[in-house]
Each structure stands twice: as C-alpha cells, then as structure tokens.
>>> print(open('work_4.cif').read())   # mmCIF, C-alpha atoms
data_query
#
loop_
_atom_site.label_atom_id
_atom_site.label_comp_id
_atom_site.auth_asym_id
_atom_site.auth_seq_id
_atom_site.Cartn_x
_atom_site.Cartn_y
_atom_site.Cartn_z
CA MET A 1277 4.67 32.22 55.42
CA LYS A 1278 7.05 33.87 52.96
CA LYS A 1279 6.50 33.18 49.28
CA ILE A 1280 7.70 33.63 45.73
CA ILE A 1281 5.29 35.78 43.77
CA PHE A 1282 5.51 36.16 40.02
CA ILE A 1283 3.85 39.32 38.73
CA THR A 1284 3.23 38.15 35.20
CA GLY A 1285 1.63 39.42 32.03
CA VAL A 1286 2.45 40.05 28.41
CA ASN A 1287 4.50 43.02 27.24
CA GLY A 1288 2.37 46.11 27.65
CA ALA A 1289 0.35 44.81 30.61
CA GLY A 1290 2.12 47.13 33.07
CA LYS A 1291 4.70 44.97 34.85
CA THR A 1292 7.69 47.28 34.52
CA SER A 1293 5.63 50.37 35.30
CA VAL A 1294 4.63 49.05 38.73
CA MET A 1295 8.15 48.25 39.91
CA ALA A 1296 9.17 51.66 41.27
CA PRO A 1297 5.92 52.40 43.12
CA LEU A 1298 5.77 48.82 44.41
CA LYS A 1299 9.31 49.04 45.80
CA SER A 1300 8.31 52.11 47.79
CA LEU A 1301 5.27 50.30 49.24
CA LEU A 1302 7.04 47.12 50.34
CA GLY A 1303 9.15 46.82 53.44
CA PRO A 1304 12.37 44.95 54.19
CA ASP A 1305 10.59 41.58 54.26
CA PHE A 1306 10.20 41.82 50.46
CA GLU A 1307 12.70 41.62 47.64
CA LEU A 1308 11.60 42.80 44.19
CA HIS A 1309 13.27 41.84 40.90
CA ASP A 1310 12.72 42.43 37.21
CA PHE A 1311 12.72 39.08 35.40
CA ASP A 1312 15.05 40.51 32.73
CA GLU A 1313 17.54 42.22 35.05
CA ARG A 1314 20.25 39.66 34.27
CA GLY A 1315 20.01 40.53 30.58
CA VAL A 1316 18.05 39.23 27.63
CA PRO A 1317 19.77 37.47 24.72
CA ASP A 1318 19.00 38.17 21.09
CA ASN A 1319 16.21 36.05 19.61
CA VAL A 1320 15.02 35.14 23.09
CA ASP A 1321 13.28 31.78 23.21
CA ARG A 1322 11.19 29.66 25.53
CA GLN A 1323 14.22 27.75 26.83
CA TRP A 1324 15.89 30.96 28.03
CA ARG A 1325 12.67 32.01 29.77
CA ILE A 1326 12.37 28.62 31.51
CA GLU A 1327 16.01 28.80 32.66
CA GLU A 1328 15.49 32.33 33.99
CA THR A 1329 12.31 31.23 35.75
CA LYS A 1330 14.31 28.47 37.45
CA HIS A 1331 16.94 31.02 38.51
CA TRP A 1332 14.28 33.23 40.11
CA VAL A 1333 12.58 30.29 41.82
CA ASP A 1334 15.93 29.17 43.27
CA LEU A 1335 16.62 32.71 44.54
CA GLY A 1336 13.12 32.91 45.99
CA LEU A 1337 13.50 29.59 47.80
CA GLN A 1338 16.76 30.82 49.33
CA ASN A 1339 15.02 34.04 50.38
CA ILE A 1340 12.21 32.06 52.02
CA LYS A 1341 14.84 30.46 54.23
CA ASN A 1342 15.88 34.01 55.19
CA ASN A 1343 12.25 35.01 55.89
CA ILE A 1344 11.95 37.20 52.78
CA THR A 1345 9.16 37.16 50.20
CA THR A 1346 10.45 37.52 46.64
CA LEU A 1347 8.44 39.25 43.92
CA ILE A 1348 9.52 38.86 40.30
CA CYS A 1349 8.00 41.13 37.65
CA GLY A 1350 8.19 39.35 34.31
CA PHE A 1351 6.60 36.91 31.97
CA ALA A 1352 6.28 33.49 33.60
CA ARG A 1353 3.58 30.87 33.18
CA PRO A 1354 1.86 29.04 36.04
CA SER A 1355 1.75 25.84 33.96
CA GLU A 1356 5.56 25.77 33.82
CA ILE A 1357 5.98 25.90 37.60
CA ALA A 1358 3.78 23.16 38.94
CA GLY A 1359 3.40 21.80 42.42
CA ASN A 1360 5.21 24.30 44.62
CA GLU A 1361 2.91 25.79 47.25
CA SER A 1362 5.45 28.56 47.95
CA ILE A 1363 4.85 30.08 44.48
CA GLU A 1364 1.96 32.37 43.61
CA PHE A 1365 1.10 34.40 40.53
CA ILE A 1366 -0.54 37.76 40.00
CA LEU A 1367 -1.54 38.48 36.42
CA LEU A 1368 -1.48 42.05 35.19
CA ASP A 1369 -3.93 42.13 32.32
CA ALA A 1370 -5.10 44.69 29.79
CA ASP A 1371 -7.37 44.65 26.76
CA HIS A 1372 -5.99 44.29 23.25
CA ASP A 1373 -6.21 47.99 22.37
CA THR A 1374 -4.43 49.03 25.55
CA ILE A 1375 -1.59 46.57 24.94
CA LYS A 1376 -1.21 47.80 21.36
CA GLN A 1377 -1.19 51.45 22.46
CA ARG A 1378 1.31 50.91 25.25
CA LEU A 1379 3.71 48.95 23.05
CA ALA A 1380 3.42 51.41 20.15
CA LYS A 1381 4.22 54.24 22.59
CA ARG A 1382 7.14 52.32 24.11
CA TYR A 1383 8.72 51.57 20.75
CA GLN A 1384 8.61 54.91 18.94
CA SER A 1385 12.28 55.65 18.37
CA PRO A 1386 14.29 53.84 15.69
CA HIS A 1387 16.71 52.66 18.40
CA SER A 1388 13.99 51.15 20.62
CA VAL A 1389 12.43 49.43 17.58
CA ALA A 1390 15.81 48.01 16.57
CA VAL A 1391 16.43 46.70 20.09
CA ILE A 1392 13.07 44.94 20.45
CA GLU A 1393 13.32 43.47 16.97
CA LYS A 1394 16.80 42.14 17.75
CA VAL A 1395 15.80 40.70 21.12
CA SER A 1396 12.49 39.23 19.97
CA GLY A 1397 13.65 38.20 16.51
CA LYS A 1398 10.42 39.69 15.11
CA LEU A 1399 9.36 42.83 13.35
CA LEU A 1400 7.69 45.29 15.74
CA GLU A 1401 4.23 44.75 14.24
CA LYS A 1402 4.54 40.97 14.69
CA PHE A 1403 5.90 41.42 18.23
CA ILE A 1404 2.87 43.55 19.17
CA ALA A 1405 0.41 41.19 17.46
CA ASP A 1406 1.91 38.19 19.25
CA ASN A 1407 1.59 39.90 22.64
CA VAL A 1408 -2.04 40.77 21.95
CA TYR A 1409 -2.77 37.20 20.84
CA PHE A 1410 -0.95 35.62 23.77
CA SER A 1411 -2.69 37.83 26.33
CA ASP A 1412 -5.86 35.76 25.89
CA ILE A 1413 -3.96 32.48 26.26
CA LEU A 1414 -2.16 33.64 29.40
CA ARG A 1415 -5.40 34.96 30.94
CA LYS A 1416 -7.14 31.59 30.43
CA GLU A 1417 -4.15 29.73 31.84
CA CYS A 1418 -4.05 32.00 34.90
CA GLU A 1419 -7.80 31.63 35.44
CA GLY A 1420 -7.31 27.85 35.38
CA HIS A 1421 -4.67 28.18 38.10
CA HIS A 1422 -6.87 30.47 40.23
CA THR A 1423 -4.47 33.36 39.79
CA THR A 1424 -5.38 36.84 41.01
CA ILE A 1425 -5.92 39.04 37.96
CA ILE A 1426 -5.55 42.82 38.06
CA ASP A 1427 -7.05 44.75 35.14
CA THR A 1428 -4.55 47.54 34.44
CA ASN A 1429 -6.51 49.22 31.62
CA ASN A 1430 -7.52 52.41 33.41
CA LEU A 1431 -5.19 52.35 36.39
CA ALA A 1432 -2.05 54.35 37.04
CA PRO A 1433 0.98 52.21 37.95
CA GLU A 1434 0.74 53.54 41.52
CA ASN A 1435 -2.81 52.18 41.82
CA VAL A 1436 -1.77 48.79 40.45
CA ALA A 1437 1.17 48.73 42.88
CA GLU A 1438 -1.20 49.49 45.77
CA GLN A 1439 -3.38 46.53 44.79
CA ILE A 1440 -0.37 44.23 44.56
CA ALA A 1441 0.99 45.42 47.92
CA ALA A 1442 -2.39 44.81 49.55
CA LEU A 1443 -2.40 41.26 48.18
CA VAL A 1444 1.10 40.32 49.28
CA LYS A 1445 1.31 41.94 52.72
#
>>> encode(input="work_4.cif", output="structure tokens")
Amino acid sequence: MKKIIFITGVNGAGKTSVMAPLKSLLGPDFELHDFDERGVPDNVDRQWRIEETKHWVDLGLQNIKNNITTLICGFARPSEIAGNESIEFILLDADHDTIKQRLAKRYQSPHSVAVIEKVSGKLLEKFIADNVYFSDILRKECEGHHTTIIDTNNLAPENVAEQIAALVK
C-alpha cells in the first residue's frame, strides 16, 4: 500500500541533507518533497506550518490514488495529523550538541543569519536554543506515536538516506 511519509525533525537534525541521496535511492513509485519548497513567510508561525502540512497531506492522498508514495522532508508533528493510517513518520534525531554545531555551521554568513532571523522572527541564538529545546519534545511525541527514530549524530547523509530507503521500500 502506498503511503505519505513525513521525514520530520528539528532544524539541524539532517532532513535537508538526506534529500539528494534519498532521491537517488528511490524509484518512480516515490515522490520526494521539501516541506518548505513552496516558500516560507517571514515570522513563520504554527498556523502556516499546519496549512502546509495539510497541503502535503492532500498531495500525498492524490498520489496514493496514482500508486505513488509521497515523502515530505520537513518539520511536522504526529499529534497534528491524527487518525490517518496512510500517514507515517520517520524522526531524524540528533543530540543537543550536534544540533547546535550543525546550525552554527549553517548560519555563518551575515546573509544567512539575516535570512533565518527574518523567517523565524528570532535572533540566531534563540532560534538555535529553541530547536535544541524542542528536539526533546518532538522525540517524546514521536516515541508516543511509535515513530521510527533514526539517530543522525554520527551518520553521513548517504547512510541516513539508505536507512530511510530501506524502511519505505
């Protein structure tokens, strides 16, 4: 049975990094999307994320009718999509230090810092701290929904992509 699979996790968990290798591992029965590919507004909020989640679920349901599994890499919460047996989650998880290091590396240039601060509505330090804090909350929520969790701490994106592909094929 074809499904909708959200590859979720906080910023810095490794979602974006797995997209290219995952695309090369999946065949034509799979469609892969980045949650943010339609654009992210300034001062992004929960309501925008819920509306985007609905968009991706609707696309995935249409793809199921066409015998295609849809994978969406982006932050989505199992608790906000209840009761649909066609939807699964895979959590990409990392420890606090790894998340901090990855985000600090990602946002080194003044331009990248300005962009994330505009989109998130937070100073970079607060943005990083919030992701670290929320990683524990998301992990507990995913555990409560019996979500597969992949620890990305010491794995190359290609290795994470291989694990995801093995789970979804």
>>> residues_around(input="work_4.cif", residues="stretch 1382-1385 of chain A", least_positions_apart="2", cutoff="12 Å", atoms="all atoms listed in the file", output="ChimeraX atom specification")
/A:1287-1288,1290,1292-1293,1375-1380,1387-1393,1399-1401,1403-1404
>>> axis_aligned_box(input="work_4.cif", around="stretch 1349-1358 of chain A", padding_each_side="3 Å", output="AutoDock Vina command-line options")
--center_x 5.0 --center_y 32.1 --center_z 35.5 --size_x 12.4 --size_y 24.0 --size_z 13.0
>>> closest_residue(input="work_4.cif", among="A:Thr1284, A:Gln1439, A:Asn1429, A:Asn1360", to="A:Pro1297", atoms="only C-alpha atoms")
A:Gln1439
>>> residues_around(input="work_4.cif", residues="stretch 1317-1322 of chain A", least_positions_apart="2", cutoff="7 Å", atoms="all atoms listed in the file", output="mmCIF file with C-alpha atoms, keeping the file's coordinate frame")
data_model
loop_
_atom_site.group_PDB
_atom_site.id
_atom_site.type_symbol
_atom_site.label_atom_id
_atom_site.label_comp_id
_atom_site.auth_asym_id
_atom_site.auth_seq_id
_atom_site.Cartn_x
_atom_site.Cartn_y
_atom_site.Cartn_z
ATOM 1 C CA GLY A 1315 20.010 40.530 30.580
ATOM 2 C CA TRP A 1324 15.890 30.960 28.030
ATOM 3 C CA ARG A 1325 12.670 32.010 29.770
ATOM 4 C CA ILE A 1326 12.370 28.620 31.510
ATOM 5 C CA LYS A 1394 16.800 42.140 17.750
ATOM 6 C CA VAL A 1395 15.800 40.700 21.120
ATOM 7 C CA SER A 1396 12.490 39.230 19.970
ATOM 8 C CA GLY A 1397 13.650 38.200 16.510
#
>>> atom_distance(input="work_4.cif", atom1="atom CA of A:Ala1441", atom2="atom CA of A:Asn1342")
20.1 Å
>>> resolve_selection(input="work_4.cif", expression="the PyMOL selection byres ((chain A and resi 1411) around 9)", output="PyMOL selection string")
chain A and resi 1285-1287+1289+1369-1372+1375+1406-1410+1412-1416
>>> residues_around(input="work_4.cif", residues="A:Thr1424", least_positions_apart="4", cutoff="12 Å", atoms="all atoms listed in the file", output="PyMOL selection string")
chain A and resi 1281-1285+1354+1364-1369+1415-1420+1439-1440+1443-1444
>>> atom_distance(input="work_4.cif", atom1="atom CA of A:Glu1361", atom2="atom CA of A:Leu1337")
11.3 Å
>>> closest_residue(input="work_4.cif", among="A:Val1316, A:Val1294, A:Val1333, A:Ala1442", to="A:Thr1346", atoms="all atoms listed in the file")
A:Val1333
>>> closest_residue(input="work_4.cif", among="A:Thr1374, A:Gly1336, A:Cys1349, A:Lys1330", to="A:Ala1296", atoms="only C-alpha atoms")
A:Cys1349
>>> closest_residue(input="work_4.cif", among="A:Asp1334, A:Lys1291, A:Asp1310, A:Pro1386", to="A:Ile1363", atoms="all atoms listed in the file")
A:Asp1334
>>> atom_distance(input="work_4.cif", atom1="atom CA of A:Ala1432", atom2="atom CA of A:Leu1298")
12.1 Å
>>> closest_residue(input="work_4.cif", among="A:Gln1338, A:Thr1345, A:Asn1430, A:Ser1362", to="A:Gly1303", atoms="all atoms listed in the file")
A:Thr1345
>>> closest_residue(input="work_4.cif", among="A:Asp1427, A:Glu1307, A:Glu1434, A:Asp1312", to="A:Phe1351", atoms="all atoms listed in the file")
A:Asp1312
>>> resolve_selection(input="work_4.cif", expression="the PyMOL selection byres ((chain A and resi 1277) around 10)", output="ChimeraX atom specification")
/A:1278-1279,1340,1343-1345,1362
>>> build_atoms(input="work_4.cif", residues="stretch 1415-1426 of chain A", atoms="all heavy atoms", output="mmCIF file, in the frame of the given file")
data_model
loop_
_atom_site.group_PDB
_atom_site.id
_atom_site.type_symbol
_atom_site.label_atom_id
_atom_site.label_comp_id
_atom_site.auth_asym_id
_atom_site.auth_seq_id
_atom_site.Cartn_x
_atom_site.Cartn_y
_atom_site.Cartn_z
ATOM 1 N N ARG A 1415 -4.262 34.708 30.049
ATOM 2 C CA ARG A 1415 -5.400 34.960 30.940
ATOM 3 C C ARG A 1415 -6.137 33.663 31.239
ATOM 4 O O ARG A 1415 -6.441 33.362 32.394
ATOM 5 C CB ARG A 1415 -6.356 35.984 30.320
ATOM 6 C CG ARG A 1415 -7.512 36.368 31.237
ATOM 7 C CD ARG A 1415 -8.481 37.376 30.616
ATOM 8 N NE ARG A 1415 -7.835 38.440 29.883
ATOM 9 C CZ ARG A 1415 -7.781 38.522 28.543
ATOM 10 N NH1 ARG A 1415 -8.359 37.605 27.790
ATOM 11 N NH2 ARG A 1415 -7.172 39.534 27.960
ATOM 12 N N LYS A 1416 -6.427 32.859 30.223
ATOM 13 C CA LYS A 1416 -7.140 31.590 30.430
ATOM 14 C C LYS A 1416 -6.308 30.638 31.298
ATOM 15 O O LYS A 1416 -6.843 29.957 32.178
ATOM 16 C CB LYS A 1416 -7.488 30.946 29.100
ATOM 17 C CG LYS A 1416 -8.611 31.668 28.380
ATOM 18 C CD LYS A 1416 -8.915 31.040 27.045
ATOM 19 C CE LYS A 1416 -9.971 31.878 26.331
ATOM 20 N NZ LYS A 1416 -10.143 31.523 24.949
ATOM 21 N N GLU A 1417 -5.018 30.596 31.031
ATOM 22 C CA GLU A 1417 -4.150 29.730 31.840
ATOM 23 C C GLU A 1417 -4.164 30.184 33.301
ATOM 24 O O GLU A 1417 -4.290 29.363 34.211
ATOM 25 C CB GLU A 1417 -2.723 29.766 31.298
ATOM 26 C CG GLU A 1417 -1.770 28.909 32.094
ATOM 27 C CD GLU A 1417 -0.368 28.890 31.521
ATOM 28 O OE1 GLU A 1417 -0.203 28.923 30.282
ATOM 29 O OE2 GLU A 1417 0.571 28.817 32.330
ATOM 30 N N CYS A 1418 -4.050 31.472 33.531
ATOM 31 C CA CYS A 1418 -4.050 32.000 34.900
ATOM 32 C C CYS A 1418 -5.385 31.763 35.587
ATOM 33 O O CYS A 1418 -5.423 31.419 36.771
ATOM 34 C CB CYS A 1418 -3.673 33.476 34.891
ATOM 35 S SG CYS A 1418 -1.905 33.746 34.576
ATOM 36 N N GLU A 1419 -6.475 31.928 34.858
ATOM 37 C CA GLU A 1419 -7.800 31.630 35.440
ATOM 38 C C GLU A 1419 -7.870 30.177 35.863
ATOM 39 O O GLU A 1419 -8.407 29.864 36.928
ATOM 40 C CB GLU A 1419 -8.898 31.948 34.425
ATOM 41 C CG GLU A 1419 -9.113 33.423 34.202
ATOM 42 C CD GLU A 1419 -10.032 33.747 33.030
ATOM 43 O OE1 GLU A 1419 -10.326 32.847 32.202
ATOM 44 O OE2 GLU A 1419 -10.447 34.901 32.926
ATOM 45 N N GLY A 1420 -7.313 29.277 35.050
ATOM 46 C CA GLY A 1420 -7.310 27.850 35.380
ATOM 47 C C GLY A 1420 -6.462 27.515 36.586
ATOM 48 O O GLY A 1420 -6.656 26.475 37.220
ATOM 49 N N HIS A 1421 -5.525 28.382 36.922
ATOM 50 C CA HIS A 1421 -4.670 28.180 38.100
ATOM 51 C C HIS A 1421 -5.099 29.067 39.268
ATOM 52 O O HIS A 1421 -4.356 29.238 40.231
ATOM 53 C CB HIS A 1421 -3.204 28.458 37.743
ATOM 54 C CG HIS A 1421 -2.575 27.357 36.966
ATOM 55 N ND1 HIS A 1421 -2.685 27.246 35.601
ATOM 56 C CD2 HIS A 1421 -1.842 26.288 37.364
ATOM 57 C CE1 HIS A 1421 -2.040 26.177 35.185
ATOM 58 N NE2 HIS A 1421 -1.522 25.573 36.240
ATOM 59 N N HIS A 1422 -6.294 29.631 39.160
ATOM 60 C CA HIS A 1422 -6.870 30.470 40.230
ATOM 61 C C HIS A 1422 -5.941 31.617 40.625
ATOM 62 O O HIS A 1422 -5.756 31.915 41.805
ATOM 63 C CB HIS A 1422 -7.240 29.618 41.442
ATOM 64 C CG HIS A 1422 -8.077 28.435 41.082
ATOM 65 N ND1 HIS A 1422 -9.384 28.556 40.647
ATOM 66 C CD2 HIS A 1422 -7.784 27.110 41.037
ATOM 67 C CE1 HIS A 1422 -9.861 27.352 40.364
ATOM 68 N NE2 HIS A 1422 -8.923 26.461 40.584
ATOM 69 N N THR A 1423 -5.380 32.238 39.608
ATOM 70 C CA THR A 1423 -4.470 33.360 39.790
ATOM 71 C C THR A 1423 -5.258 34.647 39.992
ATOM 72 O O THR A 1423 -6.266 34.873 39.327
ATOM 73 C CB THR A 1423 -3.573 33.505 38.527
ATOM 74 O OG1 THR A 1423 -2.808 32.310 38.378
ATOM 75 C CG2 THR A 1423 -2.656 34.694 38.616
ATOM 76 N N THR A 1424 -4.799 35.510 40.877
ATOM 77 C CA THR A 1424 -5.380 36.840 41.010
ATOM 78 C C THR A 1424 -5.071 37.620 39.739
ATOM 79 O O THR A 1424 -3.930 37.635 39.282
ATOM 80 C CB THR A 1424 -4.795 37.573 42.227
ATOM 81 O OG1 THR A 1424 -5.096 36.821 43.402
ATOM 82 C CG2 THR A 1424 -5.356 38.977 42.344
ATOM 83 N N ILE A 1425 -6.090 38.270 39.195
ATOM 84 C CA ILE A 1425 -5.920 39.040 37.960
ATOM 85 C C ILE A 1425 -6.261 40.498 38.262
ATOM 86 O O ILE A 1425 -7.319 40.798 38.816
ATOM 87 C CB ILE A 1425 -6.817 38.501 36.832
ATOM 88 C CG1 ILE A 1425 -6.435 37.047 36.526
ATOM 89 C CG2 ILE A 1425 -6.715 39.384 35.582
ATOM 90 C CD1 ILE A 1425 -7.344 36.349 35.528
ATOM 91 N N ILE A 1426 -5.333 41.384 37.895
ATOM 92 C CA ILE A 1426 -5.550 42.820 38.060
ATOM 93 C C ILE A 1426 -5.672 43.428 36.671
ATOM 94 O O ILE A 1426 -4.749 43.329 35.865
ATOM 95 C CB ILE A 1426 -4.408 43.487 38.840
ATOM 96 C CG1 ILE A 1426 -4.308 42.884 40.253
ATOM 97 C CG2 ILE A 1426 -4.611 45.004 38.898
ATOM 98 C CD1 ILE A 1426 -3.127 43.375 41.061
#
